[in-house]
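Asker: Sharing a structure here in structure tokens format.
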Amino acid sequence: MTSTFKRWPVRVLSLLACLLFWHVAASSKLDFGLFTFTYVPTPRSVLDAAWQLFTSSTLVAHLFSSLSRVFAGYLLAAVLGVGLGLLIGRSKWAEDTLLPPLEVLRPIPAVAWIPLAILMFPSSELSMVFITFTGALFPVLLNTVHGVEAVDPRLLASARSLGAGRFAILREVVLPGALPSIFTGLAIGMGTSWFCLVTAEMISGQFGIGYYTWESYTLQNYPDIIVGMLLIGVLGMGSSALVKRLGALATPWYRVRRAS
Amino acid sequence: MSSYQQAPEPGRIDARGVSIRLGQGNQAFEAVQALDFTIEPGEFVCILGPSGCGKSTLLGALAGHLVPSAGRLEVDGLSVAGPSPQRGMVFQHHTLLPWRSVLDNVAFGLKMQGQGKAERQRRALEMLQLVGLADFAERWPSQLSGGMQQRAEIARVLINRPRLLLMDEPFGALDAQTRSRMQELLLDIWTRIRTTVVFVTHDIDEALFLADRILVMSPRPGRFIEDLRLTFSRPRRASLLTSPEFTHLKRHCLALLRHEEGRELPRLTPLGLPDSDHPPLRIAL
């Protein structure tokens with residue numbers, strides 16, 4: 001305990017040093033040849049820009065657009081990913097019919113879908129939701145399949161011996177057994193779905209944090225770029241933490257086992 | 001009168017020419033071959049044999065997890081078709097559900113029968129009292145010691161009042177002291193809940209201490225080479241282990257098993273061949 005406590009000052013100092021370097025580099029317009037700090041705003045101006053955004057009414061609109069898109073796409077991916085994953089993990093038939101096409105689509109990064117998505121969906125709103133959905137689907141799906149297949153066959157056998165039918169086995173053994181792995185997939189999926197959303201918003205958005213960041217670049221409001229970047233980071237971190245927290249609540253036995 | 005004392009009817013086992021094949025293609029082999037035996041209702045039978053001889057395989061077939069490739073395997077005149085709560089199975093390592101409390105694990109069979117929560121928890125607690133685990137009802141299985149886990153496992157199986165209690169080296173992974181305490185506990189429970197017990201072990205002392213009858217099995221293909229009836233009086237206590245009759249029979253069993261020495265076979269399980277530790281990660285992430 002004391003050793004981790006003693007290590008905190010060093011960690012804080014390291015962060016402060018980075019901030020200080022940023023300040024010095026940006027205010028003296030440091031030029032390294034390969035890259036330059038000429039157009040990089042100082043921490044002070046970023047703070048001012050952030051204050052301005054937080055006191056203006058546009059922040060709510062941007063946040064609301066981004067969060068509702070992520071929520072819609074991610075939720076759909078979570079439901080479909082877990083559902084399909086359970087089916088594929090439990091049934092050889094579903095595995096043979098569903099997995100091959102999914103395996104073909106899987107290596108295509110969600111971002112590569114953007115042009116086609118814009119063409120396929122009449123509204124740009126729907127196309128962005130589709131991109132976030134695609135980003136989250138595969139981590140959730142594959143982790144669910146893996147979790148289902150890793151369930152101890154002895155647990156399945158003994159549940160059967162105790163009188164569990166097909167549905168009871170799914171509910172009582174397979175689903176809880178796969179749950180830690182499912183939540184790993186959900187946490188990874190949350191990260192990728194934010195990543196995809198921001199990219200999609202930069203290309204076809206009208207509101208949203210990604211759009212705000214890109215708009216700041218085109219309007220040459222350079223401090224706002226960094227405010228946008230930090231917001232994306234904070235939102236992504238917050239939603240991943242939320243998923244992990246939900247995961248810990250849903251799998252209380254898992255923590256005990258790892259602790260013991 | 002407690003509900004667990006209502007007598008379940010012990011089951012009778014008839015096996016005629018039972019063979020079980022394991023493995024696939026040219027890897028396939030007969031784990032047990034042409035077994036003929038009858039086990040009377042209420043008998044405590046130990047199947048004794050070296051590791052890998054097929055005794056667990058036979059147990060898996062009795063539980064309904066494996067299908068004989070030849071012969072007839074009947075319990076109470078009905079051929080075994082799939083697993084059933086009437087034929088309870090205890091594995092070497094516990095199979096309690098890690099995400100259920102000890103109480104809910106023991107109540108699992110009653111839940112599958114559709115019993116209400118209050119009633120099944122009351123009966124599960126009664127069962128836990130019988131195995132001395134009432135104070136641990138609310139714990140997770142992972143918080144129990146190995147011996148406690150096996151006690152919970154036995155309670156979970158017995159709450160279904162099975163006609164057969166099938167045990168696959170249930171105390172094999174426990175330390176010597178815990179094992180001998182568990183043996184006495186099992187005999188004690190068995191006097192209250194009468195059922196036919198088929199107990200697989202490679203430990204001669206354990207078989208002699210527990211059983212009415214020992215079936216000695218030779219390795220691959222598994223066949224019975226001795227049918228030994230024991231007349232030690234019950235209740236049995238640890239002092240039995242040092243009596244002259246016990247030593248005499250032990251020498252006899254040692255000679256039978258030594259006959260087959262020099263062949264190390266991989267352990268078989270009631271679910272067939274031991275699978276690799278982890279299922280292959282078919283799709284890389």
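Within each chain, counting starts at residue 1; across the structure tokens, chains are named A, B, ... in the order shown, with ligands numbered 1 upward in that order.
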Write out as a list in words each polymer residue whose atoms come within 10 Å of Leu47 (chain A), counting only C-alpha atoms; drop sequence neighbours fewer than 6 positions from it.
Answerer: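 That gives Leu53, Pro223, Asp224, Ile226 and Val227 of chain A.
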Asker: Store the residues picked out above, limited to C-alpha atoms, as a PDB file, in the first residue's frame.
Answerer:
ATOM      1  CA  LEU A  53     -17.509  25.818 -25.340  1.00  0.00           C
ATOM      2  CA  PRO A 223      -7.498  25.570 -29.741  1.00  0.00           C
ATOM      3  CA  ASP A 224     -10.943  24.055 -30.400  1.00  0.00           C
ATOM      4  CA  ILE A 226      -7.601  20.101 -28.929  1.00  0.00           C
ATOM      5  CA  VAL A 227     -10.755  20.701 -26.898  1.00  0.00           C
TER       6      VAL A 227
END
Asker: Set the cut-off to 6 Å and count only C-alpha atoms: what are the residues of chain B that reach chain A? Output as an NGL selection string.
Answerer: :B and (83-85 or 95 or 99 or 109 or 112)
Asker: Since we have the selection now, will you write its residues out, keeping N, CA and C atoms, as a compact mmCIF listing (two decimals), in the first residue's frame?
Answerer:
# COMPACT_ATOMS: atom_id res chain seq x y z
N PRO B 83 -28.78 -38.27 -19.84
CA PRO B 83 -28.68 -37.96 -18.41
C PRO B 83 -30.04 -37.78 -17.77
N SER B 84 -30.12 -38.04 -16.47
CA SER B 84 -31.37 -37.89 -15.75
C SER B 84 -31.07 -37.58 -14.29
N PRO B 85 -31.93 -36.80 -13.64
CA PRO B 85 -31.74 -36.51 -12.21
C PRO B 85 -31.87 -37.77 -11.35
N THR B 95 -18.33 -29.58 -9.87
CA THR B 95 -18.91 -28.88 -11.02
C THR B 95 -19.99 -27.92 -10.56
N TRP B 99 -21.25 -19.11 -10.56
CA TRP B 99 -22.04 -17.88 -10.45
C TRP B 99 -23.27 -18.04 -9.58
N GLY B 109 -31.33 -28.53 -8.71
CA GLY B 109 -32.19 -29.62 -9.21
C GLY B 109 -33.66 -29.34 -8.96
N MET B 112 -34.97 -26.87 -11.37
CA MET B 112 -35.25 -27.49 -12.66
C MET B 112 -36.58 -28.24 -12.64
Asker: Got a sec: who's within 12 Å of region 204-216 of chain A, counting only C-alpha atoms, leaving out chain neighbours fewer than 2 positions off, as JSON, numbers by chain?
Answerer: {"A": [49, 53, 58, 59, 60, 61, 62, 63, 64, 65, 66, 67, 68, 69, 70, 114, 115, 117, 118, 119, 123, 124, 125, 126, 127, 128, 129, 131, 194, 195, 196, 197, 198, 199, 200, 201, 202, 218, 219, 220, 221, 222, 223, 224, 225, 226, 227, 228, 229, 230, 231, 232, 233, 234, 235, 236]}
Asker: Suppose we keep C-alpha atoms; can you now write the selection as a tab-separated table (two decimals), in the first residue's frame?
Answerer:
chain	number	residue	atom	x	y	z
A	49	ALA	CA	-11.58	27.63	-25.68
A	53	LEU	CA	-17.51	25.82	-25.34
A	58	THR	CA	-23.68	24.32	-28.77
A	59	LEU	CA	-21.91	21.84	-26.46
A	60	VAL	CA	-25.19	20.16	-25.49
A	61	ALA	CA	-26.19	19.76	-29.14
A	62	HIS	CA	-22.79	18.25	-30.04
A	63	LEU	CA	-22.78	15.92	-27.06
A	64	PHE	CA	-26.37	14.88	-27.63
A	65	SER	CA	-25.76	14.01	-31.30
A	66	SER	CA	-22.62	12.00	-30.58
A	67	LEU	CA	-23.99	10.19	-27.56
A	68	SER	CA	-27.29	9.27	-29.23
A	69	ARG	CA	-25.47	7.92	-32.30
A	70	VAL	CA	-23.08	5.85	-30.22
A	114	ILE	CA	-18.18	4.97	-44.75
A	115	PRO	CA	-18.50	5.66	-48.51
A	117	ALA	CA	-22.81	3.50	-45.97
A	118	ILE	CA	-23.41	7.04	-47.23
A	119	LEU	CA	-24.64	5.58	-50.52
A	123	SER	CA	-29.98	9.88	-44.11
A	124	SER	CA	-26.44	10.62	-43.01
A	125	GLU	CA	-27.64	10.10	-39.43
A	126	LEU	CA	-28.45	6.45	-40.16
A	127	SER	CA	-25.19	5.90	-42.00
A	128	MET	CA	-23.24	7.12	-38.97
A	129	VAL	CA	-25.22	4.86	-36.65
A	131	ILE	CA	-20.72	2.73	-38.85
A	194	TRP	CA	-16.36	5.74	-30.44
A	195	PHE	CA	-13.41	5.60	-32.79
A	196	CYS	CA	-15.70	4.84	-35.74
A	197	LEU	CA	-18.23	7.47	-34.76
A	198	VAL	CA	-15.66	10.26	-34.62
A	199	THR	CA	-14.32	9.32	-38.04
A	200	ALA	CA	-17.81	9.13	-39.52
A	201	GLU	CA	-18.76	12.50	-38.03
A	202	MET	CA	-15.70	14.14	-39.52
A	218	THR	CA	-11.47	24.07	-41.39
A	219	LEU	CA	-12.36	27.31	-39.57
A	220	GLN	CA	-8.79	27.56	-38.23
A	221	ASN	CA	-9.95	27.63	-34.58
A	222	TYR	CA	-6.93	25.62	-33.54
A	223	PRO	CA	-7.50	25.57	-29.74
A	224	ASP	CA	-10.94	24.05	-30.40
A	225	ILE	CA	-9.29	21.08	-32.15
A	226	ILE	CA	-7.60	20.10	-28.93
A	227	VAL	CA	-10.75	20.70	-26.90
A	228	GLY	CA	-12.55	18.31	-29.28
A	229	MET	CA	-9.76	15.72	-29.00
A	230	LEU	CA	-9.83	15.84	-25.21
A	231	LEU	CA	-13.64	15.58	-25.16
A	232	ILE	CA	-13.50	12.50	-27.38
A	233	GLY	CA	-10.94	10.98	-25.04
A	234	VAL	CA	-12.98	11.72	-21.93
A	235	LEU	CA	-16.24	10.42	-23.43
A	236	GLY	CA	-14.57	7.25	-24.70
Asker: Extract, using only C-alpha atoms, all DNA, RNA and protein residues at most 7 Å from region 100-102 of chain B, discarding same-chain residues fewer than 5 positions from it, and format them as a list in words.
Answerer: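 Once the nearby chain positions are removed, what remains is Ala137, Glu138, Arg139, Trp140, Pro141 and Ala152 of chain B.
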Asker: Just give me the gap between CA of Gly17 (chain B) and CA of Val32 (chain B) in Å, one decimal is fine.
Answerer: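 Here the two named atoms are 10.0 Å from each other.
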Asker: Write out as a count of residues only all residues of region 45-248 of chain A that DSSP puts in alpha helix (DSSP H) for this structure's backbone.
Answerer: 171
Asker: So how far away is CA of Leu271 (chain B) from CA of Ile88 (chain A), in Å?
Answerer: 22.7 Å
Asker: Suppose you want the space between CA of Ile182 (chain A) and CA of Ala72 (chain A); what is it in Å?
Answerer: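 Interatomic distance here is 18.8 Å.
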Asker: Skip Thr242 (chain B) itself and residues of its chain fewer than 6 positions away, then list as an MDAnalysis selection string all residues within 12 Å of it, counting only C-alpha atoms.
Answerer: chainID B and resid 205 208:209 248:250
Asker: Can you check which residues of region 98-273 of chain B DSSP gives as strand (DSSP E) on the backbone and send them as a list in words?
Answerer: Leu164, Leu165, Leu166, Met167, Asp168, Thr196, Val197, Val198, Phe199, Val200, Thr201, Arg213, Ile214, Leu215, Val216, Met217, Ser218, Arg223, Phe224, Ile225, Glu226, Asp227, Leu228 and Arg229 of chain B
Asker: Keeping only N, CA and C atoms, write the selected residues as a JSON list (two decimals), in the first residue's frame.
Answerer:
[["chain", "number", "residue", "atom", "x", "y", "z"],
["B", 164, "LEU", "N", -29.70, -43.80, -8.36],
["B", 164, "LEU", "CA", -28.28, -44.15, -8.41],
["B", 164, "LEU", "C", -27.45, -42.94, -8.03],
["B", 165, "LEU", "N", -26.43, -43.18, -7.22],
["B", 165, "LEU", "CA", -25.44, -42.14, -6.96],
["B", 165, "LEU", "C", -24.14, -42.61, -7.60],
["B", 166, "LEU", "N", -23.71, -41.91, -8.63],
["B", 166, "LEU", "CA", -22.52, -42.30, -9.37],
["B", 166, "LEU", "C", -21.38, -41.38, -8.98],
["B", 167, "MET", "N", -20.28, -41.94, -8.50],
["B", 167, "MET", "CA", -19.19, -41.10, -8.02],
["B", 167, "MET", "C", -17.88, -41.47, -8.70],
["B", 168, "ASP", "N", -17.27, -40.47, -9.32],
["B", 168, "ASP", "CA", -16.04, -40.70, -10.07],
["B", 168, "ASP", "C", -14.84, -40.19, -9.28],
["B", 196, "THR", "N", -28.59, -46.62, -4.38],
["B", 196, "THR", "CA", -27.54, -47.49, -4.90],
["B", 196, "THR", "C", -26.34, -46.62, -5.25],
["B", 197, "VAL", "N", -25.16, -46.99, -4.75],
["B", 197, "VAL", "CA", -23.98, -46.18, -5.01],
["B", 197, "VAL", "C", -23.00, -46.97, -5.88],
["B", 198, "VAL", "N", -22.56, -46.34, -6.96],
["B", 198, "VAL", "CA", -21.46, -46.89, -7.76],
["B", 198, "VAL", "C", -20.31, -45.90, -7.62],
["B", 199, "PHE", "N", -19.24, -46.35, -6.99],
["B", 199, "PHE", "CA", -18.15, -45.47, -6.59],
["B", 199, "PHE", "C", -16.88, -45.94, -7.28],
["B", 200, "VAL", "N", -16.34, -45.09, -8.14],
["B", 200, "VAL", "CA", -15.14, -45.45, -8.89],
["B", 200, "VAL", "C", -13.90, -44.94, -8.14],
["B", 201, "THR", "N", -12.91, -45.80, -7.99],
["B", 201, "THR", "CA", -11.69, -45.38, -7.31],
["B", 201, "THR", "C", -10.51, -46.25, -7.74],
["B", 213, "ARG", "N", -19.37, -54.33, -1.93],
["B", 213, "ARG", "CA", -18.92, -55.20, -3.00],
["B", 213, "ARG", "C", -17.94, -54.43, -3.88],
["B", 214, "ILE", "N", -16.86, -55.11, -4.27],
["B", 214, "ILE", "CA", -15.87, -54.45, -5.12],
["B", 214, "ILE", "C", -15.78, -55.19, -6.44],
["B", 215, "LEU", "N", -15.92, -54.44, -7.53],
["B", 215, "LEU", "CA", -15.68, -55.00, -8.85],
["B", 215, "LEU", "C", -14.31, -54.52, -9.30],
["B", 216, "VAL", "N", -13.38, -55.47, -9.49],
["B", 216, "VAL", "CA", -12.02, -55.08, -9.88],
["B", 216, "VAL", "C", -11.91, -55.13, -11.40],
["B", 217, "MET", "N", -11.37, -54.06, -11.97],
["B", 217, "MET", "CA", -11.33, -53.95, -13.43],
["B", 217, "MET", "C", -9.91, -54.01, -13.94],
["B", 218, "SER", "N", -9.73, -54.69, -15.07],
["B", 218, "SER", "CA", -8.41, -54.73, -15.71],
["B", 218, "SER", "C", -8.37, -53.67, -16.79],
["B", 223, "ARG", "N", -12.30, -54.91, -18.30],
["B", 223, "ARG", "CA", -13.13, -56.08, -18.01],
["B", 223, "ARG", "C", -13.04, -56.37, -16.53],
["B", 224, "PHE", "N", -14.10, -56.94, -15.96],
["B", 224, "PHE", "CA", -14.06, -57.25, -14.53],
["B", 224, "PHE", "C", -13.29, -58.54, -14.32],
["B", 225, "ILE", "N", -12.29, -58.49, -13.43],
["B", 225, "ILE", "CA", -11.50, -59.69, -13.16],
["B", 225, "ILE", "C", -11.77, -60.24, -11.77],
["B", 226, "GLU", "N", -12.61, -59.54, -11.00],
["B", 226, "GLU", "CA", -12.92, -60.05, -9.66],
["B", 226, "GLU", "C", -14.19, -59.39, -9.16],
["B", 227, "ASP", "N", -15.02, -60.16, -8.48],
["B", 227, "ASP", "CA", -16.24, -59.64, -7.87],
["B", 227, "ASP", "C", -16.18, -60.02, -6.40],
["B", 228, "LEU", "N", -15.83, -59.02, -5.57],
["B", 228, "LEU", "CA", -15.48, -59.29, -4.18],
["B", 228, "LEU", "C", -16.58, -58.79, -3.27],
["B", 229, "ARG", "N", -17.13, -59.67, -2.40],
["B", 229, "ARG", "CA", -18.16, -59.21, -1.47],
["B", 229, "ARG", "C", -17.54, -59.00, -0.10]]
Asker: Closest to Gln115 (chain B) among B:Pro219, B:Ile13, B:Asn160, B:Arg181, using only C-alpha atoms?
Answerer: B:Asn160
Asker: Show which residues sit within 10 Å of Val79 (chain A), as a ChimeraX atom specification. Count only C-alpha atoms, and ignore same-chain residues fewer than 4 positions away.
Answerer: /A:74-75,83-85,137,140-141
Asker: Quick one: residues within 12 Å of Leu103 (chain B), only C-alpha atoms, excluding same-chain residues fewer than 6 positions away - as a PDB file with N, CA, C and O atoms, in the first residue's frame?
Answerer:
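The result, stored in selection-v5.pdb:
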ATOM      1  N   LEU B  96     -19.798 -27.352  -9.356  1.00  0.00           N
ATOM      2  CA  LEU B  96     -20.747 -26.347  -8.871  1.00  0.00           C
ATOM      3  C   LEU B  96     -20.683 -25.140  -9.810  1.00  0.00           C
ATOM      4  O   LEU B  96     -19.607 -24.812 -10.315  1.00  0.00           O
ATOM      5  N   LEU B  97     -21.822 -24.499 -10.035  1.00  0.00           N
ATOM      6  CA  LEU B  97     -21.838 -23.324 -10.906  1.00  0.00           C
ATOM      7  C   LEU B  97     -21.174 -22.160 -10.172  1.00  0.00           C
ATOM      8  O   LEU B  97     -21.623 -21.773  -9.097  1.00  0.00           O
ATOM      9  N   GLY B 109     -31.334 -28.532  -8.715  1.00  0.00           N
ATOM     10  CA  GLY B 109     -32.192 -29.617  -9.209  1.00  0.00           C
ATOM     11  C   GLY B 109     -33.664 -29.344  -8.956  1.00  0.00           C
ATOM     12  O   GLY B 109     -34.511 -29.632  -9.805  1.00  0.00           O
ATOM     13  N   LEU B 110     -33.966 -28.769  -7.793  1.00  0.00           N
ATOM     14  CA  LEU B 110     -35.360 -28.459  -7.464  1.00  0.00           C
ATOM     15  C   LEU B 110     -35.874 -27.331  -8.350  1.00  0.00           C
ATOM     16  O   LEU B 110     -37.038 -27.328  -8.748  1.00  0.00           O
ATOM     17  N   LYS B 111     -34.990 -26.386  -8.665  1.00  0.00           N
ATOM     18  CA  LYS B 111     -35.384 -25.300  -9.563  1.00  0.00           C
ATOM     19  C   LYS B 111     -35.754 -25.872 -10.930  1.00  0.00           C
ATOM     20  O   LYS B 111     -36.718 -25.456 -11.553  1.00  0.00           O
ATOM     21  N   LYS B 117     -39.202 -20.733  -4.974  1.00  0.00           N
ATOM     22  CA  LYS B 117     -37.923 -20.345  -4.392  1.00  0.00           C
ATOM     23  C   LYS B 117     -37.846 -20.674  -2.889  1.00  0.00           C
ATOM     24  O   LYS B 117     -36.879 -21.272  -2.421  1.00  0.00           O
ATOM     25  N   ALA B 118     -38.877 -20.282  -2.140  1.00  0.00           N
ATOM     26  CA  ALA B 118     -38.840 -20.484  -0.688  1.00  0.00           C
ATOM     27  C   ALA B 118     -38.714 -21.971  -0.355  1.00  0.00           C
ATOM     28  O   ALA B 118     -37.881 -22.370   0.464  1.00  0.00           O
ATOM     29  N   ARG B 120     -37.636 -24.507  -2.270  1.00  0.00           N
ATOM     30  CA  ARG B 120     -36.389 -25.166  -2.670  1.00  0.00           C
ATOM     31  C   ARG B 120     -35.220 -24.700  -1.808  1.00  0.00           C
ATOM     32  O   ARG B 120     -34.317 -25.474  -1.508  1.00  0.00           O
ATOM     33  N   GLN B 121     -35.259 -23.440  -1.349  1.00  0.00           N
ATOM     34  CA  GLN B 121     -34.167 -22.983  -0.501  1.00  0.00           C
ATOM     35  C   GLN B 121     -34.242 -23.627   0.883  1.00  0.00           C
ATOM     36  O   GLN B 121     -33.214 -23.926   1.492  1.00  0.00           O
ATOM     37  N   ARG B 122     -35.474 -23.858   1.339  1.00  0.00           N
ATOM     38  CA  ARG B 122     -35.632 -24.524   2.640  1.00  0.00           C
ATOM     39  C   ARG B 122     -35.047 -25.939   2.572  1.00  0.00           C
ATOM     40  O   ARG B 122     -34.290 -26.360   3.444  1.00  0.00           O
ATOM     41  N   ARG B 123     -35.389 -26.644   1.497  1.00  0.00           N
ATOM     42  CA  ARG B 123     -34.895 -28.024   1.374  1.00  0.00           C
ATOM     43  C   ARG B 123     -33.390 -28.068   1.124  1.00  0.00           C
ATOM     44  O   ARG B 123     -32.698 -28.988   1.576  1.00  0.00           O
ATOM     45  N   ALA B 124     -32.895 -27.069   0.388  1.00  0.00           N
ATOM     46  CA  ALA B 124     -31.454 -27.031   0.125  1.00  0.00           C
ATOM     47  C   ALA B 124     -30.682 -26.795   1.427  1.00  0.00           C
ATOM     48  O   ALA B 124     -29.632 -27.399   1.662  1.00  0.00           O
ATOM     49  N   LEU B 125     -31.243 -25.947   2.274  1.00  0.00           N
ATOM     50  CA  LEU B 125     -30.590 -25.662   3.552  1.00  0.00           C
ATOM     51  C   LEU B 125     -30.566 -26.917   4.425  1.00  0.00           C
ATOM     52  O   LEU B 125     -29.566 -27.224   5.092  1.00  0.00           O
ATOM     53  N   GLU B 126     -31.657 -27.676   4.391  1.00  0.00           N
ATOM     54  CA  GLU B 126     -31.744 -28.934   5.124  1.00  0.00           C
ATOM     55  C   GLU B 126     -30.643 -29.895   4.659  1.00  0.00           C
ATOM     56  O   GLU B 126     -29.971 -30.540   5.455  1.00  0.00           O
ATOM     57  N   MET B 127     -30.469 -29.918   3.331  1.00  0.00           N
ATOM     58  CA  MET B 127     -29.456 -30.782   2.724  1.00  0.00           C
ATOM     59  C   MET B 127     -28.055 -30.310   3.135  1.00  0.00           C
ATOM     60  O   MET B 127     -27.174 -31.136   3.420  1.00  0.00           O
ATOM     61  N   LEU B 128     -27.852 -29.011   3.167  1.00  0.00           N
ATOM     62  CA  LEU B 128     -26.553 -28.470   3.556  1.00  0.00           C
ATOM     63  C   LEU B 128     -26.253 -28.790   5.019  1.00  0.00           C
ATOM     64  O   LEU B 128     -25.106 -29.047   5.385  1.00  0.00           O
ATOM     65  N   GLN B 129     -27.317 -28.785   5.854  1.00  0.00           N
ATOM     66  CA  GLN B 129     -27.119 -29.158   7.248  1.00  0.00           C
ATOM     67  C   GLN B 129     -26.637 -30.598   7.339  1.00  0.00           C
ATOM     68  O   GLN B 129     -25.744 -30.924   8.114  1.00  0.00           O
ATOM     69  N   LEU B 133     -22.689 -28.007   6.005  1.00  0.00           N
ATOM     70  CA  LEU B 133     -22.271 -26.791   5.320  1.00  0.00           C
ATOM     71  C   LEU B 133     -23.264 -25.643   5.501  1.00  0.00           C
ATOM     72  O   LEU B 133     -23.192 -24.652   4.779  1.00  0.00           O
ATOM     73  N   ALA B 134     -24.161 -25.768   6.478  1.00  0.00           N
ATOM     74  CA  ALA B 134     -25.228 -24.770   6.622  1.00  0.00           C
ATOM     75  C   ALA B 134     -24.661 -23.358   6.783  1.00  0.00           C
ATOM     76  O   ALA B 134     -25.240 -22.393   6.302  1.00  0.00           O
ATOM     77  N   ASP B 135     -23.501 -23.245   7.419  1.00  0.00           N
ATOM     78  CA  ASP B 135     -22.930 -21.919   7.661  1.00  0.00           C
ATOM     79  C   ASP B 135     -22.326 -21.302   6.401  1.00  0.00           C
ATOM     80  O   ASP B 135     -21.924 -20.146   6.399  1.00  0.00           O
ATOM     81  N   PHE B 136     -22.228 -22.093   5.350  1.00  0.00           N
ATOM     82  CA  PHE B 136     -21.562 -21.602   4.145  1.00  0.00           C
ATOM     83  C   PHE B 136     -22.539 -21.418   2.990  1.00  0.00           C
ATOM     84  O   PHE B 136     -22.132 -21.272   1.850  1.00  0.00           O
ATOM     85  N   ALA B 137     -23.846 -21.417   3.315  1.00  0.00           N
ATOM     86  CA  ALA B 137     -24.883 -21.394   2.280  1.00  0.00           C
ATOM     87  C   ALA B 137     -24.756 -20.208   1.333  1.00  0.00           C
ATOM     88  O   ALA B 137     -24.996 -20.326   0.142  1.00  0.00           O
ATOM     89  N   GLU B 138     -24.349 -19.058   1.880  1.00  0.00           N
ATOM     90  CA  GLU B 138     -24.360 -17.843   1.052  1.00  0.00           C
ATOM     91  C   GLU B 138     -23.043 -17.590   0.331  1.00  0.00           C
ATOM     92  O   GLU B 138     -22.906 -16.610  -0.386  1.00  0.00           O
ATOM     93  N   ARG B 139     -22.057 -18.478   0.554  1.00  0.00           N
ATOM     94  CA  ARG B 139     -20.756 -18.256  -0.086  1.00  0.00           C
ATOM     95  C   ARG B 139     -20.796 -18.628  -1.567  1.00  0.00           C
ATOM     96  O   ARG B 139     -21.639 -19.379  -2.008  1.00  0.00           O
ATOM     97  N   TRP B 140     -19.799 -18.113  -2.313  1.00  0.00           N
ATOM     98  CA  TRP B 140     -19.572 -18.606  -3.669  1.00  0.00           C
ATOM     99  C   TRP B 140     -18.820 -19.936  -3.557  1.00  0.00           C
ATOM    100  O   TRP B 140     -18.005 -20.098  -2.630  1.00  0.00           O
ATOM    101  N   PRO B 141     -19.010 -20.854  -4.501  1.00  0.00           N
ATOM    102  CA  PRO B 141     -18.282 -22.127  -4.444  1.00  0.00           C
ATOM    103  C   PRO B 141     -16.767 -21.950  -4.369  1.00  0.00           C
ATOM    104  O   PRO B 141     -16.079 -22.712  -3.696  1.00  0.00           O
ATOM    105  N   GLN B 149     -16.320 -28.225  -1.130  1.00  0.00           N
ATOM    106  CA  GLN B 149     -16.898 -28.197  -2.481  1.00  0.00           C
ATOM    107  C   GLN B 149     -17.507 -29.551  -2.832  1.00  0.00           C
ATOM    108  O   GLN B 149     -18.607 -29.629  -3.369  1.00  0.00           O
ATOM    109  N   ALA B 152     -20.744 -30.033  -0.968  1.00  0.00           N
ATOM    110  CA  ALA B 152     -21.832 -29.291  -1.614  1.00  0.00           C
ATOM    111  C   ALA B 152     -22.292 -30.027  -2.873  1.00  0.00           C
ATOM    112  O   ALA B 152     -23.483 -30.115  -3.164  1.00  0.00           O
ATOM    113  N   GLU B 153     -21.324 -30.576  -3.598  1.00  0.00           N
ATOM    114  CA  GLU B 153     -21.632 -31.314  -4.833  1.00  0.00           C
ATOM    115  C   GLU B 153     -22.503 -32.529  -4.518  1.00  0.00           C
ATOM    116  O   GLU B 153     -23.482 -32.815  -5.213  1.00  0.00           O
ATOM    117  N   ALA B 155     -24.418 -32.911  -1.876  1.00  0.00           N
ATOM    118  CA  ALA B 155     -25.732 -32.428  -1.443  1.00  0.00           C
ATOM    119  C   ALA B 155     -26.581 -32.055  -2.648  1.00  0.00           C
ATOM    120  O   ALA B 155     -27.781 -32.341  -2.701  1.00  0.00           O
ATOM    121  N   ARG B 156     -25.962 -31.456  -3.638  1.00  0.00           N
ATOM    122  CA  ARG B 156     -26.690 -31.011  -4.829  1.00  0.00           C
ATOM    123  C   ARG B 156     -27.273 -32.197  -5.604  1.00  0.00           C
ATOM    124  O   ARG B 156     -28.350 -32.117  -6.170  1.00  0.00           O
ATOM    125  N   ILE B 159     -30.209 -34.047  -3.391  1.00  0.00           N
ATOM    126  CA  ILE B 159     -31.479 -33.356  -3.212  1.00  0.00           C
ATOM    127  C   ILE B 159     -32.506 -33.846  -4.233  1.00  0.00           C
ATOM    128  O   ILE B 159     -33.706 -33.780  -4.000  1.00  0.00           O
TER     129      ILE B 159
END
